[in-house]
Every structure is written in structure tokens, then in C-alpha cells.
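Next comes run.pdb, with PDB, C-alpha atoms and all ligand atoms.
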ATOM      1  CA  MET H   1     161.002 121.932 344.849  1.00  0.00           C
ATOM      2  CA  ARG H   2     162.670 125.267 344.096  1.00  0.00           C
ATOM      3  CA  LYS H   3     160.321 127.866 342.653  1.00  0.00           C
ATOM      4  CA  ARG H   4     161.397 129.135 339.237  1.00  0.00           C
ATOM      5  CA  ILE H   5     162.755 132.650 339.113  1.00  0.00           C
ATOM      6  CA  ILE H   6     162.963 134.701 335.928  1.00  0.00           C
ATOM      7  CA  ALA H   7     164.431 138.202 336.060  1.00  0.00           C
ATOM      8  CA  GLY H   8     164.691 140.797 333.314  1.00  0.00           C
ATOM      9  CA  ASN H   9     167.861 142.889 333.363  1.00  0.00           C
ATOM     10  CA  TRP H  10     166.944 145.965 331.359  1.00  0.00           C
ATOM     11  CA  LYS H  11     170.518 147.312 331.600  1.00  0.00           C
ATOM     12  CA  MET H  12     170.858 150.953 330.410  1.00  0.00           C
ATOM     13  CA  ASN H  13     167.661 150.859 328.356  1.00  0.00           C
ATOM     14  CA  LYS H  14     164.284 152.604 328.574  1.00  0.00           C
ATOM     15  CA  THR H  15     163.400 156.165 329.404  1.00  0.00           C
ATOM     16  CA  LEU H  16     160.756 156.659 332.069  1.00  0.00           C
ATOM     17  CA  ASP H  17     157.777 156.515 329.701  1.00  0.00           C
ATOM     18  CA  GLU H  18     159.192 153.515 327.864  1.00  0.00           C
ATOM     19  CA  ALA H  19     159.805 151.705 331.141  1.00  0.00           C
ATOM     20  CA  ILE H  20     156.249 152.322 332.336  1.00  0.00           C
ATOM     21  CA  ASP H  21     154.871 151.043 329.018  1.00  0.00           C
ATOM     22  CA  LEU H  22     157.005 147.900 329.144  1.00  0.00           C
ATOM     23  CA  ALA H  23     156.142 147.170 332.787  1.00  0.00           C
ATOM     24  CA  ARG H  24     152.426 147.639 332.036  1.00  0.00           C
ATOM     25  CA  ALA H  25     152.600 145.351 329.019  1.00  0.00           C
ATOM     26  CA  ILE H  26     154.388 142.657 331.033  1.00  0.00           C
ATOM     27  CA  LYS H  27     151.937 143.007 333.891  1.00  0.00           C
ATOM     28  CA  ASP H  28     148.926 142.643 331.566  1.00  0.00           C
ATOM     29  CA  LYS H  29     150.341 139.630 329.764  1.00  0.00           C
ATOM     30  CA  ALA H  30     151.508 137.982 332.989  1.00  0.00           C
ATOM     31  CA  ALA H  31     148.154 138.092 334.779  1.00  0.00           C
ATOM     32  CA  ASP H  32     147.786 134.285 334.624  1.00  0.00           C
ATOM     33  CA  VAL H  33     151.391 133.371 335.407  1.00  0.00           C
ATOM     34  CA  GLN H  34     151.755 131.253 338.500  1.00  0.00           C
ATOM     35  CA  ASN H  35     154.557 129.290 340.103  1.00  0.00           C
ATOM     36  CA  VAL H  36     157.259 131.581 338.743  1.00  0.00           C
ATOM     37  CA  ASP H  37     158.877 134.477 340.575  1.00  0.00           C
ATOM     38  CA  MET H  38     159.048 137.220 337.979  1.00  0.00           C
ATOM     39  CA  ILE H  39     161.343 140.191 338.536  1.00  0.00           C
ATOM     40  CA  LEU H  40     161.922 143.372 336.549  1.00  0.00           C
ATOM     41  CA  CYS H  41     165.261 145.164 336.934  1.00  0.00           C
ATOM     42  CA  PRO H  42     165.019 148.580 335.275  1.00  0.00           C
ATOM     43  CA  PRO H  43     167.597 151.363 335.558  1.00  0.00           C
ATOM     44  CA  PHE H  44     167.620 153.297 338.857  1.00  0.00           C
ATOM     45  CA  THR H  45     165.651 156.222 337.389  1.00  0.00           C
ATOM     46  CA  ASN H  46     162.678 153.964 336.612  1.00  0.00           C
ATOM     47  CA  LEU H  47     162.564 151.835 339.765  1.00  0.00           C
ATOM     48  CA  SER H  48     159.976 153.818 341.660  1.00  0.00           C
ATOM     49  CA  SER H  49     157.601 154.046 338.686  1.00  0.00           C
ATOM     50  CA  VAL H  50     157.946 150.371 337.815  1.00  0.00           C
ATOM     51  CA  VAL H  51     157.221 149.511 341.467  1.00  0.00           C
ATOM     52  CA  ASP H  52     154.004 151.562 341.158  1.00  0.00           C
ATOM     53  CA  VAL H  53     152.986 149.778 337.964  1.00  0.00           C
ATOM     54  CA  VAL H  54     153.366 146.277 339.420  1.00  0.00           C
ATOM     55  CA  LYS H  55     151.949 147.095 342.853  1.00  0.00           C
ATOM     56  CA  GLY H  56     149.349 144.520 343.909  1.00  0.00           C
ATOM     57  CA  THR H  57     150.804 141.808 341.629  1.00  0.00           C
ATOM     58  CA  SER H  58     153.368 139.129 342.428  1.00  0.00           C
ATOM     59  CA  ILE H  59     155.926 140.753 340.086  1.00  0.00           C
ATOM     60  CA  GLY H  60     159.023 141.857 342.003  1.00  0.00           C
ATOM     61  CA  VAL H  61     161.387 144.711 341.222  1.00  0.00           C
ATOM     62  CA  GLY H  62     165.155 144.719 341.436  1.00  0.00           C
ATOM     63  CA  ALA H  63     168.007 147.155 340.886  1.00  0.00           C
ATOM     64  CA  GLN H  64     171.101 146.437 338.786  1.00  0.00           C
ATOM     65  CA  ASN H  65     173.701 147.483 341.362  1.00  0.00           C
ATOM     66  CA  LEU H  66     174.131 149.208 344.717  1.00  0.00           C
ATOM     67  CA  HIS H  67     176.916 150.655 346.813  1.00  0.00           C
ATOM     68  CA  TRP H  68     178.030 148.975 350.023  1.00  0.00           C
ATOM     69  CA  GLU H  69     178.195 152.132 352.137  1.00  0.00           C
ATOM     70  CA  ALA H  70     175.003 153.283 353.842  1.00  0.00           C
ATOM     71  CA  LYS H  71     175.375 156.952 352.901  1.00  0.00           C
ATOM     72  CA  GLY H  72     177.828 159.797 352.501  1.00  0.00           C
ATOM     73  CA  ALA H  73     180.210 161.339 350.017  1.00  0.00           C
ATOM     74  CA  PHE H  74     179.978 158.763 347.224  1.00  0.00           C
ATOM     75  CA  THR H  75     178.855 160.843 344.266  1.00  0.00           C
ATOM     76  CA  GLY H  76     176.772 158.920 341.790  1.00  0.00           C
ATOM     77  CA  GLU H  77     176.176 155.909 344.022  1.00  0.00           C
ATOM     78  CA  ILE H  78     172.946 154.399 345.394  1.00  0.00           C
ATOM     79  CA  SER H  79     172.626 152.647 348.771  1.00  0.00           C
ATOM     80  CA  ALA H  80     170.673 149.565 349.797  1.00  0.00           C
ATOM     81  CA  ASP H  81     168.318 151.631 351.978  1.00  0.00           C
ATOM     82  CA  MET H  82     167.568 153.927 349.046  1.00  0.00           C
ATOM     83  CA  LEU H  83     166.595 150.893 346.993  1.00  0.00           C
ATOM     84  CA  ARG H  84     164.406 149.576 349.801  1.00  0.00           C
ATOM     85  CA  SER H  85     162.775 152.975 350.191  1.00  0.00           C
ATOM     86  CA  VAL H  86     161.441 152.874 346.617  1.00  0.00           C
ATOM     87  CA  GLY H  87     160.107 149.344 346.990  1.00  0.00           C
ATOM     88  CA  CYS H  88     162.930 147.230 345.535  1.00  0.00           C
ATOM     89  CA  GLN H  89     163.188 143.653 346.760  1.00  0.00           C
ATOM     90  CA  TYR H  90     166.107 142.358 344.679  1.00  0.00           C
ATOM     91  CA  VAL H  91     169.439 143.623 343.414  1.00  0.00           C
ATOM     92  CA  ILE H  92     171.744 142.224 340.733  1.00  0.00           C
ATOM     93  CA  ILE H  93     175.341 142.154 342.002  1.00  0.00           C
ATOM     94  CA  GLY H  94     178.551 141.443 340.132  1.00  0.00           C
ATOM     95  CA  HIS H  95     177.153 141.393 336.602  1.00  0.00           C
ATOM     96  CA  SER H  96     179.967 140.691 334.145  1.00  0.00           C
ATOM     97  CA  GLU H  97     179.489 144.136 332.593  1.00  0.00           C
ATOM     98  CA  ARG H  98     180.180 145.684 336.007  1.00  0.00           C
ATOM     99  CA  ARG H  99     183.213 143.431 336.402  1.00  0.00           C
ATOM    100  CA  GLN H 100     184.456 144.215 332.894  1.00  0.00           C
ATOM    101  CA  TYR H 101     183.770 147.967 332.619  1.00  0.00           C
ATOM    102  CA  PHE H 102     183.518 149.254 336.173  1.00  0.00           C
ATOM    103  CA  GLY H 103     186.232 147.449 338.099  1.00  0.00           C
ATOM    104  CA  GLU H 104     183.952 145.153 340.093  1.00  0.00           C
ATOM    105  CA  THR H 105     185.954 142.501 341.961  1.00  0.00           C
ATOM    106  CA  ASP H 106     185.034 139.500 344.098  1.00  0.00           C
ATOM    107  CA  GLU H 107     185.810 141.652 347.132  1.00  0.00           C
ATOM    108  CA  THR H 108     183.441 144.476 346.136  1.00  0.00           C
ATOM    109  CA  VAL H 109     180.820 141.914 345.143  1.00  0.00           C
ATOM    110  CA  ASN H 110     181.026 140.511 348.685  1.00  0.00           C
ATOM    111  CA  LYS H 111     180.686 143.994 350.229  1.00  0.00           C
ATOM    112  CA  ARG H 112     177.657 144.783 348.102  1.00  0.00           C
ATOM    113  CA  ILE H 113     176.044 141.454 348.996  1.00  0.00           C
ATOM    114  CA  LYS H 114     176.469 142.163 352.709  1.00  0.00           C
ATOM    115  CA  ALA H 115     174.937 145.638 352.334  1.00  0.00           C
ATOM    116  CA  ALA H 116     172.010 144.212 350.362  1.00  0.00           C
ATOM    117  CA  LEU H 117     171.347 141.470 352.913  1.00  0.00           C
ATOM    118  CA  ALA H 118     171.549 143.898 355.827  1.00  0.00           C
ATOM    119  CA  ALA H 119     168.827 146.000 354.181  1.00  0.00           C
ATOM    120  CA  GLY H 120     166.614 142.997 353.426  1.00  0.00           C
ATOM    121  CA  LEU H 121     167.254 142.908 349.683  1.00  0.00           C
ATOM    122  CA  VAL H 122     167.721 139.596 347.878  1.00  0.00           C
ATOM    123  CA  PRO H 123     171.045 139.603 345.999  1.00  0.00           C
ATOM    124  CA  ILE H 124     171.175 138.026 342.550  1.00  0.00           C
ATOM    125  CA  VAL H 125     174.869 137.255 342.328  1.00  0.00           C
ATOM    126  CA  CYS H 126     176.344 136.866 338.851  1.00  0.00           C
ATOM    127  CA  VAL H 127     179.263 134.567 338.081  1.00  0.00           C
ATOM    128  CA  GLY H 128     180.648 133.166 334.854  1.00  0.00           C
ATOM    129  CA  GLU H 129     183.718 132.593 332.759  1.00  0.00           C
ATOM    130  CA  THR H 130     184.995 134.348 329.650  1.00  0.00           C
ATOM    131  CA  LEU H 131     185.508 132.493 326.384  1.00  0.00           C
ATOM    132  CA  GLU H 132     189.277 132.442 326.964  1.00  0.00           C
ATOM    133  CA  GLU H 133     188.783 130.928 330.393  1.00  0.00           C
ATOM    134  CA  ARG H 134     186.421 128.255 329.046  1.00  0.00           C
ATOM    135  CA  GLU H 135     188.828 127.400 326.233  1.00  0.00           C
ATOM    136  CA  ALA H 136     191.663 127.117 328.757  1.00  0.00           C
ATOM    137  CA  ASP H 137     189.510 124.684 330.750  1.00  0.00           C
ATOM    138  CA  LYS H 138     189.304 127.101 333.653  1.00  0.00           C
ATOM    139  CA  THR H 139     185.520 127.412 333.996  1.00  0.00           C
ATOM    140  CA  GLN H 140     185.314 125.582 337.321  1.00  0.00           C
ATOM    141  CA  GLU H 141     188.319 127.394 338.748  1.00  0.00           C
ATOM    142  CA  VAL H 142     186.863 130.811 337.810  1.00  0.00           C
ATOM    143  CA  VAL H 143     183.407 130.009 339.114  1.00  0.00           C
ATOM    144  CA  GLU H 144     184.803 128.592 342.347  1.00  0.00           C
ATOM    145  CA  THR H 145     186.815 131.778 342.976  1.00  0.00           C
ATOM    146  CA  GLN H 146     183.793 133.966 342.242  1.00  0.00           C
ATOM    147  CA  ILE H 147     181.417 131.918 344.403  1.00  0.00           C
ATOM    148  CA  THR H 148     183.741 131.614 347.390  1.00  0.00           C
ATOM    149  CA  GLY H 149     184.583 135.326 347.112  1.00  0.00           C
ATOM    150  CA  ALA H 150     180.927 136.333 346.908  1.00  0.00           C
ATOM    151  CA  TYR H 151     179.851 134.168 349.853  1.00  0.00           C
ATOM    152  CA  ARG H 152     182.767 135.103 352.154  1.00  0.00           C
ATOM    153  CA  ASP H 153     181.487 135.527 355.751  1.00  0.00           C
ATOM    154  CA  ILE H 154     177.854 135.128 354.744  1.00  0.00           C
ATOM    155  CA  SER H 155     175.764 133.051 357.198  1.00  0.00           C
ATOM    156  CA  SER H 156     173.962 129.970 355.957  1.00  0.00           C
ATOM    157  CA  ASN H 157     170.581 131.606 356.656  1.00  0.00           C
ATOM    158  CA  ASP H 158     171.498 134.483 354.385  1.00  0.00           C
ATOM    159  CA  ALA H 159     173.143 132.187 351.837  1.00  0.00           C
ATOM    160  CA  GLU H 160     169.876 130.266 351.446  1.00  0.00           C
ATOM    161  CA  ASN H 161     168.014 133.387 350.439  1.00  0.00           C
ATOM    162  CA  MET H 162     170.454 134.531 347.794  1.00  0.00           C
ATOM    163  CA  VAL H 163     170.058 133.803 344.103  1.00  0.00           C
ATOM    164  CA  VAL H 164     172.989 132.915 341.854  1.00  0.00           C
ATOM    165  CA  ALA H 165     173.029 133.693 338.140  1.00  0.00           C
ATOM    166  CA  TYR H 166     175.457 131.636 336.088  1.00  0.00           C
ATOM    167  CA  GLU H 167     176.201 133.823 333.097  1.00  0.00           C
ATOM    168  CA  PRO H 168     178.983 132.674 330.792  1.00  0.00           C
ATOM    169  CA  VAL H 169     180.414 135.972 329.571  1.00  0.00           C
ATOM    170  CA  TRP H 170     180.737 134.650 326.017  1.00  0.00           C
ATOM    171  CA  ALA H 171     176.967 134.098 325.898  1.00  0.00           C
ATOM    172  CA  ILE H 172     175.858 137.517 327.148  1.00  0.00           C
ATOM    173  CA  GLY H 173     174.341 139.608 324.388  1.00  0.00           C
ATOM    174  CA  THR H 174     176.161 137.571 321.743  1.00  0.00           C
ATOM    175  CA  GLY H 175     173.382 135.290 320.547  1.00  0.00           C
ATOM    176  CA  LYS H 176     175.635 132.348 321.513  1.00  0.00           C
ATOM    177  CA  VAL H 177     173.857 130.327 324.142  1.00  0.00           C
ATOM    178  CA  ALA H 178     175.360 127.644 326.370  1.00  0.00           C
ATOM    179  CA  THR H 179     174.124 124.186 325.496  1.00  0.00           C
ATOM    180  CA  PRO H 180     171.746 122.693 328.056  1.00  0.00           C
ATOM    181  CA  GLN H 181     174.589 120.300 329.002  1.00  0.00           C
ATOM    182  CA  GLN H 182     177.106 123.115 329.514  1.00  0.00           C
ATOM    183  CA  ALA H 183     174.617 125.031 331.659  1.00  0.00           C
ATOM    184  CA  GLN H 184     173.633 121.977 333.725  1.00  0.00           C
ATOM    185  CA  GLU H 185     177.277 121.051 334.306  1.00  0.00           C
ATOM    186  CA  VAL H 186     178.185 124.459 335.761  1.00  0.00           C
ATOM    187  CA  HIS H 187     174.928 124.786 337.729  1.00  0.00           C
ATOM    188  CA  ALA H 188     175.533 121.390 339.325  1.00  0.00           C
ATOM    189  CA  TYR H 189     179.098 122.436 340.093  1.00  0.00           C
ATOM    190  CA  ILE H 190     177.891 125.657 341.788  1.00  0.00           C
ATOM    191  CA  ARG H 191     175.457 123.595 343.852  1.00  0.00           C
ATOM    192  CA  SER H 192     178.274 121.248 344.862  1.00  0.00           C
ATOM    193  CA  LEU H 193     180.363 124.254 345.964  1.00  0.00           C
ATOM    194  CA  LEU H 194     177.494 125.518 348.123  1.00  0.00           C
ATOM    195  CA  LYS H 195     177.210 122.074 349.649  1.00  0.00           C
ATOM    196  CA  THR H 196     180.904 122.053 350.517  1.00  0.00           C
ATOM    197  CA  VAL H 197     180.915 125.595 351.924  1.00  0.00           C
ATOM    198  CA  TYR H 198     177.541 125.332 353.718  1.00  0.00           C
ATOM    199  CA  SER H 199     175.345 122.235 353.674  1.00  0.00           C
ATOM    200  CA  GLU H 200     173.162 120.055 351.524  1.00  0.00           C
ATOM    201  CA  LYS H 201     170.177 122.110 352.701  1.00  0.00           C
ATOM    202  CA  VAL H 202     171.667 125.404 351.506  1.00  0.00           C
ATOM    203  CA  ALA H 203     172.789 123.824 348.225  1.00  0.00           C
ATOM    204  CA  GLU H 204     169.341 122.407 347.563  1.00  0.00           C
ATOM    205  CA  THR H 205     167.558 125.658 348.485  1.00  0.00           C
ATOM    206  CA  VAL H 206     169.565 128.237 346.518  1.00  0.00           C
ATOM    207  CA  ARG H 207     168.069 129.034 343.147  1.00  0.00           C
ATOM    208  CA  ILE H 208     170.516 129.215 340.251  1.00  0.00           C
ATOM    209  CA  GLN H 209     169.522 131.097 337.118  1.00  0.00           C
ATOM    210  CA  TYR H 210     171.106 130.742 333.709  1.00  0.00           C
ATOM    211  CA  GLY H 211     171.852 133.955 331.805  1.00  0.00           C
ATOM    212  CA  GLY H 212     173.253 134.488 328.326  1.00  0.00           C
ATOM    213  CA  SER H 213     171.160 134.917 325.174  1.00  0.00           C
ATOM    214  CA  MET H 214     168.165 133.106 326.662  1.00  0.00           C
ATOM    215  CA  LYS H 215     165.196 133.501 324.321  1.00  0.00           C
ATOM    216  CA  PRO H 216     161.691 131.995 323.994  1.00  0.00           C
ATOM    217  CA  GLY H 217     163.100 129.489 321.477  1.00  0.00           C
ATOM    218  CA  ASN H 218     165.870 128.081 323.695  1.00  0.00           C
ATOM    219  CA  ALA H 219     164.458 128.623 327.187  1.00  0.00           C
ATOM    220  CA  ALA H 220     162.538 125.363 327.538  1.00  0.00           C
ATOM    221  CA  GLU H 221     165.552 123.110 326.944  1.00  0.00           C
ATOM    222  CA  LEU H 222     167.740 125.140 329.313  1.00  0.00           C
ATOM    223  CA  LEU H 223     165.057 125.229 332.010  1.00  0.00           C
ATOM    224  CA  ALA H 224     164.469 121.482 331.690  1.00  0.00           C
ATOM    225  CA  ASN H 225     167.774 120.809 333.460  1.00  0.00           C
ATOM    226  CA  PRO H 226     167.474 119.747 337.099  1.00  0.00           C
ATOM    227  CA  ASP H 227     169.821 122.452 338.408  1.00  0.00           C
ATOM    228  CA  VAL H 228     168.609 125.332 336.219  1.00  0.00           C
ATOM    229  CA  ASP H 229     166.001 127.160 338.290  1.00  0.00           C
ATOM    230  CA  GLY H 230     165.315 130.137 336.071  1.00  0.00           C
ATOM    231  CA  GLY H 231     166.889 132.789 333.946  1.00  0.00           C
ATOM    232  CA  LEU H 232     168.448 136.219 334.048  1.00  0.00           C
ATOM    233  CA  ILE H 233     167.396 137.744 330.773  1.00  0.00           C
ATOM    234  CA  GLY H 234     168.957 140.762 329.083  1.00  0.00           C
ATOM    235  CA  GLY H 235     167.962 141.551 325.488  1.00  0.00           C
ATOM    236  CA  ALA H 236     164.848 139.386 325.435  1.00  0.00           C
ATOM    237  CA  SER H 237     163.464 141.101 328.545  1.00  0.00           C
ATOM    238  CA  LEU H 238     163.076 144.403 326.684  1.00  0.00           C
ATOM    239  CA  ASP H 239     160.041 143.184 324.817  1.00  0.00           C
ATOM    240  CA  ALA H 240     156.937 141.973 326.696  1.00  0.00           C
ATOM    241  CA  ASP H 241     156.173 139.137 324.256  1.00  0.00           C
ATOM    242  CA  SER H 242     159.664 137.669 324.284  1.00  0.00           C
ATOM    243  CA  PHE H 243     159.974 138.007 328.085  1.00  0.00           C
ATOM    244  CA  LEU H 244     156.603 136.282 328.545  1.00  0.00           C
ATOM    245  CA  GLY H 245     157.630 133.704 325.932  1.00  0.00           C
ATOM    246  CA  ILE H 246     160.490 132.712 328.231  1.00  0.00           C
ATOM    247  CA  ILE H 247     158.271 132.683 331.294  1.00  0.00           C
ATOM    248  CA  ASN H 248     155.739 130.492 329.552  1.00  0.00           C
ATOM    249  CA  ALA H 249     158.516 128.115 328.526  1.00  0.00           C
TER     250      ALA H 249
HETATM  251  C1  LIG H 301     172.509 139.664 330.986  1.00  0.00           C
HETATM  252  O1  LIG H 301     173.013 140.723 330.690  1.00  0.00           O
HETATM  253  O2  LIG H 301     172.350 139.362 332.174  1.00  0.00           O
HETATM  254  C2  LIG H 301     172.080 138.787 329.899  1.00  0.00           C
HETATM  255  C3  LIG H 301     171.855 137.545 330.155  1.00  0.00           C
HETATM  256  O3  LIG H 301     171.994 139.376 328.648  1.00  0.00           O
HETATM  257  P1  LIG H 301     171.437 138.665 327.300  1.00  0.00           P
HETATM  258  O4  LIG H 301     170.189 137.894 327.683  1.00  0.00           O
HETATM  259  O5  LIG H 301     171.134 139.791 326.387  1.00  0.00           O
HETATM  260  O6  LIG H 301     172.508 137.767 326.820  1.00  0.00           O
END
Could you express the structure from this file as C-alpha cells?
Amino acid sequence: MRKRIIAGNWKMNKTLDEAIDLARAIKDKAADVQNVDMILCPPFTNLSSVVDVVKGTSIGVGAQNLHWEAKGAFTGEISADMLRSVGCQYVIIGHSERRQYFGETDETVNKRIKAALAAGLVPIVCVGETLEEREADKTQEVVETQITGAYRDISSNDAENMVVAYEPVWAIGTGKVATPQQAQEVHAYIRSLLKTVYSEKVAETVRIQYGGSMKPGNAAELLANPDVDGGLIGGASLDADSFLGIINA
């Protein structure tokens, strides 16, 4: 059985004080949560403080990006070791907003994944099609390219420990959510790709999250699917009650 994994992607939201308040509220409300890996992904400036707030609990902390180089003249960038040094365990890589606004490609996604793995961070790798691609019946083609690009030259041991987030771009922040059937279909397809590239064992071990307008009211039916192992939550993770509502679903 794969353990459920729910991560909150706070994106570019929350000042330091707001982030501490939100992390505290989530921690208090989540005291009884078991059997779910819960992860908070605040902006870089809040990582260290959020790590302090959740210290001693099972709540993990992740970053929203990293650079693949270890150090040097890369103004504005953050390395995997820097993330480790403040207590991060996870890092979101290849979010569609990074692909859309910041020139992220499958090649840079792969480089970032390798840097994360080398530092002992768990990558949460985002893939997903745009509305145009879905309407042109290209969802599988797009997801296959993104998955094979992301996993290029990654060992099966490392592959097993990575998390995939299937996030249809048309569902992110739009209030339009994939139907449980649409989500299950793509999750099962991603698992079949991992089986082809690696093995049944890797395919059955990797946890695949759904992301895209997941809310307390639609989480249960999405999470009821056999290949949906959790969620990557944007908007609804910015409020402790709605984030916990999803976790309790
Ligand atoms: C996301 O950005 O990863 C996301 C899923 O956003 P939202 O939940 O707001 O659609």
C-alpha cells in the first residue's frame, strides 16, 4: 500500500509572519492526522521558520524550486544543499508555472531532479497537459515526453523515491477540476510508463499526486481512485481549514 501524500504549494504567497501563523494553525489542527505524509511548501524566505514551527511533528517541508548547480555565480538562485541546510526534505520541480513563465524545460527539470536527489531531497515532479493539448488528444503524448525527460538517467532506486504530481494545466487555479475518471486514466498511464521504463516494482512504489483545483469538496472522489495517491494543493493550501479538509478526505 502506498502511503498518501498531500503537499501544499503556497506559491508566492505569505509574508514571514503570515507563513508562521499558517504553519502553526495547520500543525495544531493536524495533531491527530495519521497515515498521510503532509508537506508544506512555502516560499524560500519562509522555509527555515516553517521548519522550526513543524519541528518534532511528522509534517515535512519542501521548496518550490531549486537550481541544479551546487554553488557559484547564479544570482537569485538557490541550491539543493542550501535547501537541505534549512531542513527541507522535498522540492517541487517542473511546476507548470515554472514551465510557462520561467522557461523550464524537460531538460532543466531533469537537471534539477538530479541535483535534488544527490542532496537527499525528494523531488515532486510536476507533469500535465494544457487545455489545447487535451483537446487535440495529445495528453498521453505530452505526459510521456515529460515523464521520460524527467526520469532520464535516473536509477531505479532513485526513481522509486520520487513523487510525481499530475497537474493538468487547465485545472490549476481555474476552479475546473479533472473528473475522477480523467485523473485516474492519466495516473494509470503514468504508472504504466514507469513500468515500461523501470519495473513493476518501481511503478507500484511511486506515489502520484493529483493537482488542479483540489478542494475539500472534491478531494474524496479524486483520492478514491486506485492510482491517485495524494494531492498537490495550491489555493486550498493557503487556509488551514481547507487544507485539513482535504487531508481528512
Ligand atoms: C498547483 O499550483 O500546484 C495547484 C494545484 O494549484 P490549485 O490547487 O490552486 O489549482
Query raised in the report: Got a sec to resolve the PyMOL selection byres (((not hetatm)) within 9 of (chain H and resi 301)) on this structure and send the residues as a PyMOL selection string?
Result: chain H and resi 7-11+95-97+126+165+167-177+210-215+231-237
Run the PyMOL selection byres (((chain H and resi 111-115) around 8) and not hetatm) mentally over the shown coordinates, then write out the matched residues as a PDB file with C-alpha atoms, keeping the file's coordinate frame, using the chain letters and numbers from the document.
ATOM      1  CA  LEU H  66     174.131 149.208 344.717  1.00  0.00           C
ATOM      2  CA  HIS H  67     176.916 150.655 346.813  1.00  0.00           C
ATOM      3  CA  TRP H  68     178.030 148.975 350.023  1.00  0.00           C
ATOM      4  CA  GLU H  69     178.195 152.132 352.137  1.00  0.00           C
ATOM      5  CA  ALA H  70     175.003 153.283 353.842  1.00  0.00           C
ATOM      6  CA  ALA H  80     170.673 149.565 349.797  1.00  0.00           C
ATOM      7  CA  ILE H  93     175.341 142.154 342.002  1.00  0.00           C
ATOM      8  CA  GLU H 107     185.810 141.652 347.132  1.00  0.00           C
ATOM      9  CA  THR H 108     183.441 144.476 346.136  1.00  0.00           C
ATOM     10  CA  VAL H 109     180.820 141.914 345.143  1.00  0.00           C
ATOM     11  CA  ASN H 110     181.026 140.511 348.685  1.00  0.00           C
ATOM     12  CA  ALA H 116     172.010 144.212 350.362  1.00  0.00           C
ATOM     13  CA  LEU H 117     171.347 141.470 352.913  1.00  0.00           C
ATOM     14  CA  ALA H 118     171.549 143.898 355.827  1.00  0.00           C
ATOM     15  CA  ALA H 119     168.827 146.000 354.181  1.00  0.00           C
ATOM     16  CA  PRO H 123     171.045 139.603 345.999  1.00  0.00           C
ATOM     17  CA  VAL H 125     174.869 137.255 342.328  1.00  0.00           C
ATOM     18  CA  ALA H 150     180.927 136.333 346.908  1.00  0.00           C
ATOM     19  CA  ILE H 154     177.854 135.128 354.744  1.00  0.00           C
TER      20      ILE H 154
END
Query raised in the report: Excluding same-chain residues fewer than 5 positions from Pro226 (chain H), what lies within 10 Å of it counting only C-alpha atoms, as a VMD selection string?
Result: chain H and resid 184 187 to 188
**Report entry** Matched chain/residue IDs from the PyMOL selection byres (((chain H and resi 161) around 12) and not hetatm), as a VMD selection string
**Finding:** chain H and resid 2 89 to 90 113 116 to 117 120 to 125 151 154 to 160 162 to 164 201 to 208
Query - Counting only C-alpha atoms, the residue of H:Val33, H:Cys88, H:Ala73, H:Ala136 that sits nearest Asn46 (chain H) - result: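 Once distances to Asn46 (chain H) are computed over only C-alpha atoms, the minimum belongs to H:Cys88.
The two atoms in question, CA of Ile247 (chain H) and CA of Ile59 (chain H), are spaced 12.2 Å apart.
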**Report entry** Within 10 Å of Tyr189 (chain H) using all atoms listed in the file, minus same-chain residues under 6 positions, as an MDAnalysis selection string
**Finding:** chainID H and resid 140 143:144 183 195 227
Query - Atomic distance CA of Gln182 (chain H) - CA of Glu133 (chain H), expressed in Å with one decimal - result: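 Interatomic distance, CA of Gln182 (chain H) to CA of Glu133 (chain H): 14.1 Å.
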Report task. Pick out the closest residue to Thr145 (chain H) from this set: H:Leu193, H:Ala178, H:Glu132, H:Asp21. Count all atoms listed in the file. Result -> H:Leu193
Query raised in the report: So which one's closest to Lys27 (chain H), H:Ile5, H:Met12, H:Ile78, H:Leu244? Using all atoms listed in the file, please.
Result: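 Nearest to Lys27 (chain H): H:Leu244.
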Requested in this report: Determine, counting all atoms listed in the file, every residue of protein, DNA or RNA that lies within 6 Å of (161.9, 158.2, 334.1) in the file coordinates, then give the result as a PyMOL selection string.
Outcome: chain H and resi 15-16+45-46
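Of the residues under consideration (H:Val36, H:Cys41, H:Ala31, H:Ile20), H:Val36 shows the shortest atom-to-atom contact distance to Asp229 (chain H) when counting only C-alpha atoms.
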